[in-house]
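Structure file model_23.csv (CSV, C-alpha atoms) follows.
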chain,number,residue,atom,x,y,z
A,1,MET,CA,0.0,0.0,0.0
A,2,ALA,CA,2.9,2.3,-0.7
A,3,SER,CA,0.6,4.3,-3.1
A,4,VAL,CA,-1.8,5.1,-0.3
A,5,ARG,CA,1.1,6.3,1.9
A,6,ALA,CA,2.3,8.5,-0.9
A,7,ARG,CA,-1.2,10.0,-1.5
A,8,ARG,CA,-1.7,13.7,-2.1
A,9,GLY,CA,-4.3,15.1,0.2
A,10,PHE,CA,-6.6,18.1,-0.4
A,11,ASP,CA,-8.9,20.0,2.0
A,12,ARG,CA,-11.2,21.9,-0.3
A,13,PRO,CA,-14.0,21.8,-1.2
A,14,TYR,CA,-13.9,18.7,1.1
A,15,PRO,CA,-11.2,16.3,2.2
A,16,TYR,CA,-10.1,14.0,-0.6
A,17,SER,CA,-7.0,12.3,-1.8
A,18,LEU,CA,-5.4,11.5,-5.2
A,19,VAL,CA,-3.3,8.3,-5.5
A,20,ASP,CA,-1.0,7.1,-8.3
A,21,GLY,CA,0.0,3.5,-9.0
A,22,LEU,CA,-2.7,2.0,-6.9
A,23,PHE,CA,-2.3,-1.5,-8.3
A,24,PRO,CA,0.7,-3.2,-9.8
A,25,ALA,CA,0.9,-2.0,-13.4
A,26,ALA,CA,0.3,-5.4,-14.8
A,27,VAL,CA,-2.9,-5.7,-12.8
A,28,ALA,CA,-4.2,-2.3,-14.0
A,29,ASP,CA,-3.4,-3.2,-17.6
A,30,GLU,CA,-5.3,-6.5,-17.3
A,31,LEU,CA,-8.3,-4.8,-15.7
A,32,ALA,CA,-8.3,-2.2,-18.5
A,33,ASP,CA,-8.3,-4.9,-21.1
A,34,LEU,CA,-11.1,-7.1,-19.7
A,35,PRO,CA,-13.3,-8.3,-22.6
A,36,PHE,CA,-16.5,-6.6,-21.7
A,37,GLY,CA,-18.6,-4.7,-24.2
A,38,ALA,CA,-19.8,-1.2,-23.1
A,39,PRO,CA,-23.5,-1.0,-22.5
A,40,SER,CA,-25.7,1.4,-24.5
A,41,LEU,CA,-27.1,4.4,-22.8
A,42,ASP,CA,-30.3,4.3,-24.8
A,43,GLY,CA,-30.3,8.1,-24.8
A,44,VAL,CA,-30.6,8.2,-21.0
A,45,SER,CA,-28.0,9.3,-18.4
A,46,GLY,CA,-27.5,11.3,-15.2
A,47,LYS,CA,-27.6,8.4,-12.7
A,48,ARG,CA,-25.9,5.0,-12.8
A,49,GLU,CA,-29.1,3.5,-11.3
A,50,LEU,CA,-30.9,4.2,-14.6
A,51,HIS,CA,-29.0,1.3,-16.1
A,52,ASN,CA,-28.9,-1.1,-13.2
A,53,ASP,CA,-29.7,-4.1,-15.5
A,54,LYS,CA,-26.5,-3.4,-17.5
A,55,ARG,CA,-24.0,-2.8,-14.7
A,56,ARG,CA,-21.1,-5.1,-14.0
A,57,TYR,CA,-19.6,-6.0,-10.6
A,58,PHE,CA,-16.8,-7.9,-9.1
A,59,ASP,CA,-19.3,-10.4,-7.8
A,60,THR,CA,-18.8,-14.1,-7.1
A,61,PRO,CA,-19.5,-15.6,-10.6
A,62,THR,CA,-17.6,-12.8,-12.4
A,63,ASN,CA,-14.6,-13.1,-10.1
A,64,ALA,CA,-14.5,-16.8,-10.8
A,65,GLU,CA,-14.6,-16.2,-14.6
A,66,HIS,CA,-12.0,-13.5,-14.6
A,67,PRO,CA,-9.2,-14.3,-12.2
A,68,VAL,CA,-7.7,-10.7,-12.1
A,69,MET,CA,-11.0,-9.5,-10.7
A,70,GLY,CA,-11.0,-12.2,-8.1
A,71,ARG,CA,-7.4,-11.3,-7.1
A,72,VAL,CA,-8.3,-7.6,-6.7
A,73,ALA,CA,-11.4,-8.5,-4.6
A,74,GLU,CA,-9.4,-10.8,-2.4
A,75,ALA,CA,-6.7,-8.1,-1.8
A,76,LEU,CA,-9.3,-5.5,-0.9
A,77,GLN,CA,-11.0,-7.9,1.4
A,78,ALA,CA,-7.8,-8.7,3.3
A,79,THR,CA,-7.7,-7.5,6.9
A,80,ASP,CA,-4.3,-5.9,6.6
A,81,VAL,CA,-5.2,-3.9,3.5
A,82,VAL,CA,-8.6,-2.9,5.0
A,83,SER,CA,-6.9,-1.9,8.2
A,84,GLU,CA,-4.4,0.3,6.4
A,85,ILE,CA,-7.1,2.0,4.4
A,86,ALA,CA,-9.2,2.6,7.5
A,87,ARG,CA,-6.3,4.2,9.3
A,88,ALA,CA,-5.0,6.3,6.4
A,89,PHE,CA,-8.4,7.8,5.6
A,90,ASP,CA,-10.0,7.6,9.1
A,91,ALA,CA,-12.8,5.5,7.5
A,92,PRO,CA,-15.3,3.4,9.5
A,93,LEU,CA,-14.7,0.2,7.6
A,94,ASP,CA,-15.0,-2.5,10.2
A,95,ASP,CA,-18.0,-4.7,9.6
A,96,THR,CA,-18.7,-3.3,6.1
A,97,PHE,CA,-18.9,-5.2,2.8
A,98,LEU,CA,-16.7,-4.8,-0.3
A,99,ARG,CA,-18.5,-3.6,-3.4
A,100,LEU,CA,-16.6,-3.2,-6.7
A,101,GLU,CA,-18.2,-2.0,-9.9
A,102,TYR,CA,-16.5,-2.2,-13.3
A,103,ALA,CA,-17.8,1.0,-15.1
A,104,GLN,CA,-17.8,1.6,-18.8
A,105,ASP,CA,-19.0,5.0,-19.9
A,106,ILE,CA,-19.5,6.1,-23.5
A,107,ASP,CA,-20.2,9.3,-25.3
A,108,GLY,CA,-23.4,10.9,-23.9
A,109,PHE,CA,-22.7,9.7,-20.3
A,110,TRP,CA,-23.0,12.2,-17.5
A,111,LEU,CA,-23.7,12.0,-13.7
A,112,GLU,CA,-25.5,14.6,-11.7
A,113,PRO,CA,-23.7,15.8,-8.5
A,114,HIS,CA,-24.2,13.5,-5.6
A,115,THR,CA,-22.4,12.8,-2.3
A,116,ASP,CA,-22.5,9.0,-1.7
A,117,LEU,CA,-23.6,9.8,1.9
A,118,GLY,CA,-25.5,7.0,3.5
A,119,VAL,CA,-24.7,3.3,3.2
A,120,LYS,CA,-21.3,3.9,1.4
A,121,LYS,CA,-18.6,4.4,4.0
A,122,PHE,CA,-15.7,4.7,1.6
A,123,THR,CA,-15.4,5.7,-2.1
A,124,CYS,CA,-12.4,5.2,-4.3
A,125,LEU,CA,-12.7,6.0,-8.0
A,126,ILE,CA,-10.0,4.1,-9.9
A,127,TYR,CA,-9.2,5.2,-13.5
A,128,LEU,CA,-8.2,2.7,-16.2
A,129,SER,CA,-8.7,3.7,-19.8
A,130,GLN,CA,-6.1,5.6,-21.9
A,131,GLY,CA,-8.0,6.7,-25.0
A,132,PRO,CA,-7.6,10.0,-26.8
A,133,GLY,CA,-8.6,12.8,-24.5
A,134,HIS,CA,-9.2,10.5,-21.6
A,135,GLU,CA,-6.9,12.6,-19.4
A,136,THR,CA,-9.7,15.1,-19.2
A,137,LEU,CA,-12.3,12.6,-18.1
A,138,GLY,CA,-11.7,12.7,-14.4
A,139,THR,CA,-14.4,12.9,-11.7
A,140,ASP,CA,-15.9,16.4,-11.4
A,141,ILE,CA,-15.7,18.0,-8.0
A,142,TYR,CA,-18.3,20.4,-6.5
A,143,ALA,CA,-18.4,22.8,-3.5
A,144,SER,CA,-22.2,22.3,-3.6
A,145,LYS,CA,-24.7,20.6,-5.8
A,146,GLU,CA,-24.6,23.8,-8.0
A,147,GLU,CA,-20.9,25.0,-7.7
A,148,HIS,CA,-18.4,23.1,-9.9
A,149,VAL,CA,-14.8,23.7,-8.8
A,150,GLY,CA,-12.7,21.3,-10.9
A,151,ALA,CA,-12.0,17.7,-11.7
A,152,SER,CA,-9.5,15.0,-10.8
A,153,PRO,CA,-6.9,13.8,-13.2
A,154,PHE,CA,-7.8,10.7,-15.2
A,155,LEU,CA,-4.7,8.6,-15.6
A,156,ARG,CA,-4.5,4.8,-15.7
A,157,ASN,CA,-4.0,3.3,-12.2
A,158,SER,CA,-4.7,6.6,-10.4
A,159,ALA,CA,-7.6,7.2,-8.1
A,160,MET,CA,-9.7,9.8,-6.3
A,161,ILE,CA,-10.5,8.8,-2.7
A,162,PHE,CA,-12.8,10.2,0.0
A,163,VAL,CA,-15.0,9.3,2.9
A,164,PRO,CA,-18.6,10.2,2.0
A,165,GLY,CA,-20.1,13.1,3.9
A,166,ALA,CA,-22.8,15.7,3.5
A,167,ASP,CA,-20.4,17.8,1.4
A,168,THR,CA,-18.6,15.3,-0.8
A,169,TRP,CA,-20.3,16.4,-4.0
A,170,HIS,CA,-19.0,14.7,-7.1
A,171,GLY,CA,-20.3,13.7,-10.6
A,172,PHE,CA,-19.4,13.9,-14.2
A,173,GLU,CA,-20.1,16.9,-16.5
A,174,LYS,CA,-21.2,15.8,-19.9
A,175,ARG,CA,-18.4,16.1,-22.4
A,176,PRO,CA,-17.1,14.1,-25.4
A,177,ILE,CA,-15.9,10.6,-24.6
A,178,ALA,CA,-13.8,8.9,-27.4
A,179,GLY,CA,-14.1,5.1,-27.0
A,180,VAL,CA,-14.9,3.8,-23.6
A,181,ARG,CA,-14.1,5.5,-20.3
A,182,ARG,CA,-13.2,2.5,-18.0
A,183,SER,CA,-12.9,2.7,-14.3
A,184,VAL,CA,-13.5,0.7,-11.1
A,185,ILE,CA,-15.7,2.1,-8.4
A,186,LEU,CA,-14.6,0.8,-5.0
A,187,ASN,CA,-17.0,1.2,-2.0
A,188,TYR,CA,-17.2,-0.4,1.4
A,189,VAL,CA,-20.9,-0.5,2.3
A,190,THR,CA,-23.0,-1.2,5.4
A,191,HIS,CA,-25.2,-4.1,6.2
A,192,ASP,CA,-28.1,-2.0,4.9
A,193,TRP,CA,-26.9,-2.5,1.3
A,194,ARG,CA,-29.8,-4.3,-0.3
A,195,ALA,CA,-28.3,-5.6,-3.5
A,196,ARG,CA,-26.3,-8.4,-2.0
A,197,GLU,CA,-25.6,-9.9,-5.3
A,198,GLN,CA,-23.3,-6.9,-6.1
A,199,LEU,CA,-21.0,-7.7,-3.3
A,200,SER,CA,-17.7,-9.5,-3.7
A,201,PHE,CA,-18.2,-11.5,-0.5
A,202,PRO,CA,-21.8,-11.1,0.5
A,203,GLU,CA,-21.6,-13.3,3.6
A,204,THR,CA,-18.3,-11.9,4.9
A,205,PRO,CA,-17.8,-8.4,6.2
A,206,VAL,CA,-14.4,-6.9,6.3
A,207,ARG,CA,-12.5,-6.4,9.5
A,208,VAL,CA,-10.1,-3.8,10.9
A,209,ALA,CA,-7.4,-5.1,13.1
Take the structure I supplied and represent it as structure tokens, if you would.
Amino acid sequence: MASVRARRGFDRPYPYSLVDGLFPAAVADELADLPFGAPSLDGVSGKRELHNDKRRYFDTPTNAEHPVMGRVAEALQATDVVSEIARAFDAPLDDTFLRLEYAQDIDGFWLEPHTDLGVKKFTCLIYLSQGPGHETLGTDIYASKEEHVGASPFLRNSAMIFVPGADTWHGFEKRPIAGVRRSVILNYVTHDWRAREQLSFPETPVRVA
């Protein structure tokens, strides 16, 4: 977890961190090249929930089919890794569940500002794709739902990390996407998460030592 220890922290408009080299380079490359087709938006965007039937997760069957996904899930379930993340970000991770989504966004995609506050106790947005102009496709950051203040860099194997709160407004302003914007959305969620089939280990919460 050297990448976490080398993180760059920011205080405004809310506490968040940027991390480079989150995974071994070969793992990031393998994740970026997974053979999944990007789902169609069907002319609708603004919330990921609008396409729940097309979303892809690091769930039990998918992890078995694609070993790199299984290895990533196992690493992020491990008590030593969870404990280091919890300490580094002062995140309440004990007795939460690992949820990983493999996101593939195409031209026309956008996300309205939202905070993740609620059942998500940790958010890490991990960037994978390297298409033309993808360096401009980072997560948009807001001081409020209405006030846009900037965006994170979008570089393969880098990430934006924060502990969700009432002020952690983020989203994605609509702009051209060449090819597919690929990323992994890492959350640790509480027992109240209803869609258990999305979890990597639905019967086993993580522990902090």
Can you check which parts of region 86-204 of chain A lie within 10 Å of region 21-26 of chain A? Per residue, the shortest pair of atoms and distance in Å to one decimal, counting all atoms listed in the file, sorted by chain and number, as a tab-separated table.
residue	atom	partner	partner_atom	distance
A:Ile126	CA	A:Leu22	CA	8.2
A:Tyr127	CA	A:Leu22	CA	9.8
A:Leu155	CA	A:Gly21	CA	9.6
A:Arg156	CA	A:Gly21	CA	8.2
A:Asn157	CA	A:Gly21	CA	5.1
A:Ser158	CA	A:Gly21	CA	5.8
A:Ala159	CA	A:Leu22	CA	7.2
Take the residues from that selection and put them in a file with C-alpha atoms, as an mmCIF file, keeping the file's coordinate frame.
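Generated output (again_34.cif):
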data_model
loop_
_atom_site.group_PDB
_atom_site.id
_atom_site.type_symbol
_atom_site.label_atom_id
_atom_site.label_comp_id
_atom_site.auth_asym_id
_atom_site.auth_seq_id
_atom_site.Cartn_x
_atom_site.Cartn_y
_atom_site.Cartn_z
ATOM 1 C CA ILE A 126 -10.000 4.100 -9.900
ATOM 2 C CA TYR A 127 -9.200 5.200 -13.500
ATOM 3 C CA LEU A 155 -4.700 8.600 -15.600
ATOM 4 C CA ARG A 156 -4.500 4.800 -15.700
ATOM 5 C CA ASN A 157 -4.000 3.300 -12.200
ATOM 6 C CA SER A 158 -4.700 6.600 -10.400
ATOM 7 C CA ALA A 159 -7.600 7.200 -8.100
#
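Residue nearest His191 (chain A) within the list A:Leu93, A:Val44, A:Ala86, A:Ala2: A:Leu93 [criterion: smallest interatomic distance, only C-alpha atoms].
Nearest residue to Ser129 (chain A) among A:Val19, A:Ala103, A:Ala6, A:Leu199 is A:Ala103, counting all atoms listed in the file.
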**Item:** Shell of 12 Å around region 59-72 of chain A, all atoms listed in the file, local chain residues under 2 positions omitted, as number ranges by chain
**Value:** A: 22-24, 26-36, 55-57, 74-78, 81, 97-102, 184, 186, 195-203
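Proximity ranking of A:Arg182, A:Met1, A:Pro205, A:Tyr142 relative to Asp80 (chain A) places A:Met1 first, based on only C-alpha atoms.
Point (-12.9, 7.7, 9.8) has the following residues at most 12 Å away: Pro15, Ser83, Glu84, Ile85, Ala86, Arg87, Ala88, Phe89, Asp90, Ala91, Pro92, Leu93, Asp94, Lys121, Phe122, Phe162, Val163, Pro164, Gly165 and Val208 of chain A (atoms considered: all atoms listed in the file).
Each of A:Thr123, A:Thr115, A:Ser183, A:Thr79 was compared to Leu137 (chain A) using all atoms listed in the file, and A:Ser183 turns out to be the nearest.
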Taking N, CA and C atoms as the atom set, what does region 114-126 of chain A look like once completed, written as an mmCIF file, keeping the file's coordinate frame?
data_model
loop_
_atom_site.group_PDB
_atom_site.id
_atom_site.type_symbol
_atom_site.label_atom_id
_atom_site.label_comp_id
_atom_site.auth_asym_id
_atom_site.auth_seq_id
_atom_site.Cartn_x
_atom_site.Cartn_y
_atom_site.Cartn_z
ATOM 1 N N HIS A 114 -23.652 14.270 -6.681
ATOM 2 C CA HIS A 114 -24.200 13.500 -5.600
ATOM 3 C C HIS A 114 -23.082 13.332 -4.532
ATOM 4 N N THR A 115 -23.400 12.856 -3.341
ATOM 5 C CA THR A 115 -22.400 12.800 -2.300
ATOM 6 C C THR A 115 -21.948 11.428 -1.860
ATOM 7 N N ASP A 116 -22.696 10.392 -2.168
ATOM 8 C CA ASP A 116 -22.500 9.000 -1.700
ATOM 9 C C ASP A 116 -22.788 8.845 -0.214
ATOM 10 N N LEU A 117 -23.261 9.887 0.463
ATOM 11 C CA LEU A 117 -23.600 9.800 1.900
ATOM 12 C C LEU A 117 -24.669 8.771 2.124
ATOM 13 N N GLY A 118 -24.491 7.956 3.138
ATOM 14 C CA GLY A 118 -25.500 7.000 3.500
ATOM 15 C C GLY A 118 -24.839 5.623 3.747
ATOM 16 N N VAL A 119 -25.185 4.610 2.960
ATOM 17 C CA VAL A 119 -24.700 3.300 3.200
ATOM 18 C C VAL A 119 -23.243 3.073 2.706
ATOM 19 N N LYS A 120 -22.738 3.998 1.903
ATOM 20 C CA LYS A 120 -21.300 3.900 1.400
ATOM 21 C C LYS A 120 -20.448 4.605 2.465
ATOM 22 N N LYS A 121 -19.479 3.866 2.995
ATOM 23 C CA LYS A 121 -18.600 4.400 4.000
ATOM 24 C C LYS A 121 -17.211 4.757 3.486
ATOM 25 N N PHE A 122 -16.952 4.444 2.219
ATOM 26 C CA PHE A 122 -15.700 4.700 1.600
ATOM 27 C C PHE A 122 -15.845 4.694 0.103
ATOM 28 N N THR A 123 -15.276 5.678 -0.596
ATOM 29 C CA THR A 123 -15.400 5.700 -2.100
ATOM 30 C C THR A 123 -13.967 5.910 -2.634
ATOM 31 N N CYS A 124 -13.627 5.058 -3.597
ATOM 32 C CA CYS A 124 -12.400 5.200 -4.300
ATOM 33 C C CYS A 124 -12.667 4.954 -5.796
ATOM 34 N N LEU A 125 -12.407 5.967 -6.595
ATOM 35 C CA LEU A 125 -12.700 6.000 -8.000
ATOM 36 C C LEU A 125 -11.385 5.724 -8.767
ATOM 37 N N ILE A 126 -11.243 4.536 -9.348
ATOM 38 C CA ILE A 126 -10.000 4.100 -9.900
ATOM 39 C C ILE A 126 -10.067 4.153 -11.439
#
